[in-house]
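Everything below concerns the one structure shown next.
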Amino acid sequence: MDIFLNNPRVCCISDIHIGVHQNSNQWHEITIEWANWLAEELRSKDITDIIISGDFFHYRDEIAVNTIHFVTNVLNAWKDFNIVMLVGNHDAYYKDRSDVNSLSILDGWKNITIISEPEQALLFGKKAMFCPWGTEDNQIKKSDVIFGHFEIQNFKQTSFKVCSNGMQSGSLLNKSNLIISGHFHIRDERTYDNGTILYLGNPYQMDFGDVDSIKGYYILDFNTMKYEFTENTISPCHKRINLSDLVKIGSLTKEVRQEFKDNFIKFIIDKNISPDEVDIILRKFAALNPISVTVDYAVNFDKYKLDESNIYDFSGIDVVTAIEEFINLIDIENKKEVIDYTASLYKRCI
């Protein structure tokens with residue numbers, strides 16, 4: 001396969017997840033606004049190439065017609081860029097390999113190269129290894145830089161869960177001293193004695209698991225192997241607003257109003273308040289122009305009794321953490337799968 005870049009300075013992004021949130025038209029609009037912004041950013045910096053480290057699409061088993069129609073808008077916004085795409089796990093039909101994938105529908109675009117098998121290329125005098133989802137350790141050649149969609153142990157899968165399976169960082173760093181990966185949405189950079197592992201993260205906040213997480217894109221210079229980060233300043237953020245904090249402030253200050261405007265808000269009711277009072281507050285919130293406001297009550301079912309000697313207090317923790325802790329307490333098989341599925345159901349409901 002002929003993998004090429006026009007210039008040594010290249011944009012690195014990952015985990016766009018087109019079609020996220022049940023192929024929502026609202027999220028299509030958020031995505032195209034970001035795609036247009038990125039195109040202008042890259043033109044202003046004379047960047048002509050984009051490497052996408054997996055998960056261009058969100059749903060692995062099927063892609064809705066409206067999302068197939070919409071993705072053309074994104075690619076038209078990027079038609080002047082040379083794009084190299086790795087197959088991610090959300091792009092792959094099978095769970096452990098990438099040969100059958102949704103990116104195949106993009107084969108007709110002359111400016112797009114799809115990487116569905118491990119490939120090494122010589123770019124500006126540097127060996128670059130491209131590793132789609134499912135790449136095994138023995139398929140990775142020693143290189144100056146490795147792009148992948150890896151599941152690496154001890155990195156955060158989400159804001160509340162650390163990866164306990166997958167590849168070991170030492171194994172990857174034996175192959176290169178610079179690993180650039182997609183897959184986990186929390187942006188992370190770790191420097192070791194023998195190199196650096198960089199998780200790109202998703203380019204914009206997609207749910208409340210991304211609260212307080214700064215998103216954006218990276219520019220990698222193949223001449224120096226140095227990279228720099230630019231923050232995404234145009235996409236909406238997810239904010240948690242506690243009733244108790246608003247009570248302490250005493251009014252809807254300018255700073256509070258800015259938190260709401262054009263953002264997704266989760267209003268945490270952590271004090272006793274009547275339903276009528278909640279309705280009054282929500283009407284005031286609507287005037288602050290948030291994209292949406294959902295209400296969540298601080299966990300107050302207090303204690304769960306396993307037996308006479310084991311009583312566990314869950315009060316005061318968030319729902320997703322409560323789900324994980326509760327399932328870890330009970331005697332069932334496949335706890336990880338049950339936690340992931342239950343947490344996913346909860347997030348979809350809210």
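Chain labels A, B, ... are given in the sequence in which chains occur in the structure tokens; within each chain residues are numbered consecutively from 1, and ligands are likewise numbered from 1 in the order shown.
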Which residues of range 134-213 of chain A sit at most 8 Å from range 6-25 of chain A, using only C-alpha atoms? Give each one's shortest atom pair and distance in Å (one decimal place), in chain and ascending residue order, as CSV.
residue,atom,partner,partner_atom,distance
A:Ser181,CA,A:Ser14,CA,8.0
A:Gly182,CA,A:Ser14,CA,5.3
A:His183,CA,A:Asp15,CA,6.5
A:His185,CA,A:Asp15,CA,7.2
A:Leu200,CA,A:Ile13,CA,6.3
A:Gly201,CA,A:Ser14,CA,6.5
A:Asn202,CA,A:Asp15,CA,4.9
A:Pro203,CA,A:Ile16,CA,6.5
Residues of range 208-250 of chain A at most 8 Å from range 262-277 of chain A: nearest atom pair and distance in Å, only C-alpha atoms, as a Markdown table:
| residue | atom | partner | partner_atom | distance |
| --- | --- | --- | --- | --- |
| A:Pro236 | CA | A:Asn263 | CA | 4.9 |
| A:Cys237 | CA | A:Asn263 | CA | 5.1 |
| A:His238 | CA | A:Phe264 | CA | 4.7 |
| A:Lys239 | CA | A:Ile265 | CA | 4.9 |
| A:Arg240 | CA | A:Lys266 | CA | 4.9 |
| A:Ile241 | CA | A:Phe267 | CA | 5.0 |
| A:Asn242 | CA | A:Ile268 | CA | 4.7 |
| A:Leu243 | CA | A:Ile269 | CA | 5.3 |
| A:Ser244 | CA | A:Asp270 | CA | 6.3 |
Handout entry: Computed interatomic separation between CA of Val87 in chain A and CA of Ile115 in chain A (Å)
Key =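 A separation of 6.2 Å between them.
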Practice task
Please report, as a list of chain:residue names, each residue of range 47-135 of chain A to which DSSP assigns strand (DSSP E) when run on this structure's backbone.
Solution key: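 For range 47-135 of chain A, the strand (DSSP E) set is A:Asp49, A:Ile50, A:Ile51, A:Ile52, A:Asn82, A:Ile83, A:Val84, A:Met85, A:Leu86, A:Ile112, A:Thr113, A:Ile114, A:Ile115, A:Glu119, A:Gln120, A:Ala121, A:Leu122, A:Leu123, A:Lys126, A:Lys127, A:Ala128, A:Met129, A:Phe130, A:Cys131.
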Exercise for the section: Go ahead and compute the interatomic distance for CA of Ser104 in chain A and CA of Ser116 in chain A, in Å to one decimal. Expected result: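 These atoms are spaced 9.3 Å apart.
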Practice task
Could you check how far CA of Gly148 in chain A sits from CA of Asn76 in chain A, in Å to one decimal?
Solution key: 25.2 Å
Exercise for the section: Select, from A:Phe326, A:Phe150, A:Phe229, A:Phe260, the residue with the minimum atom-to-atom distance to Thr135 in chain A, counting only C-alpha atoms. Expected result: A:Phe150
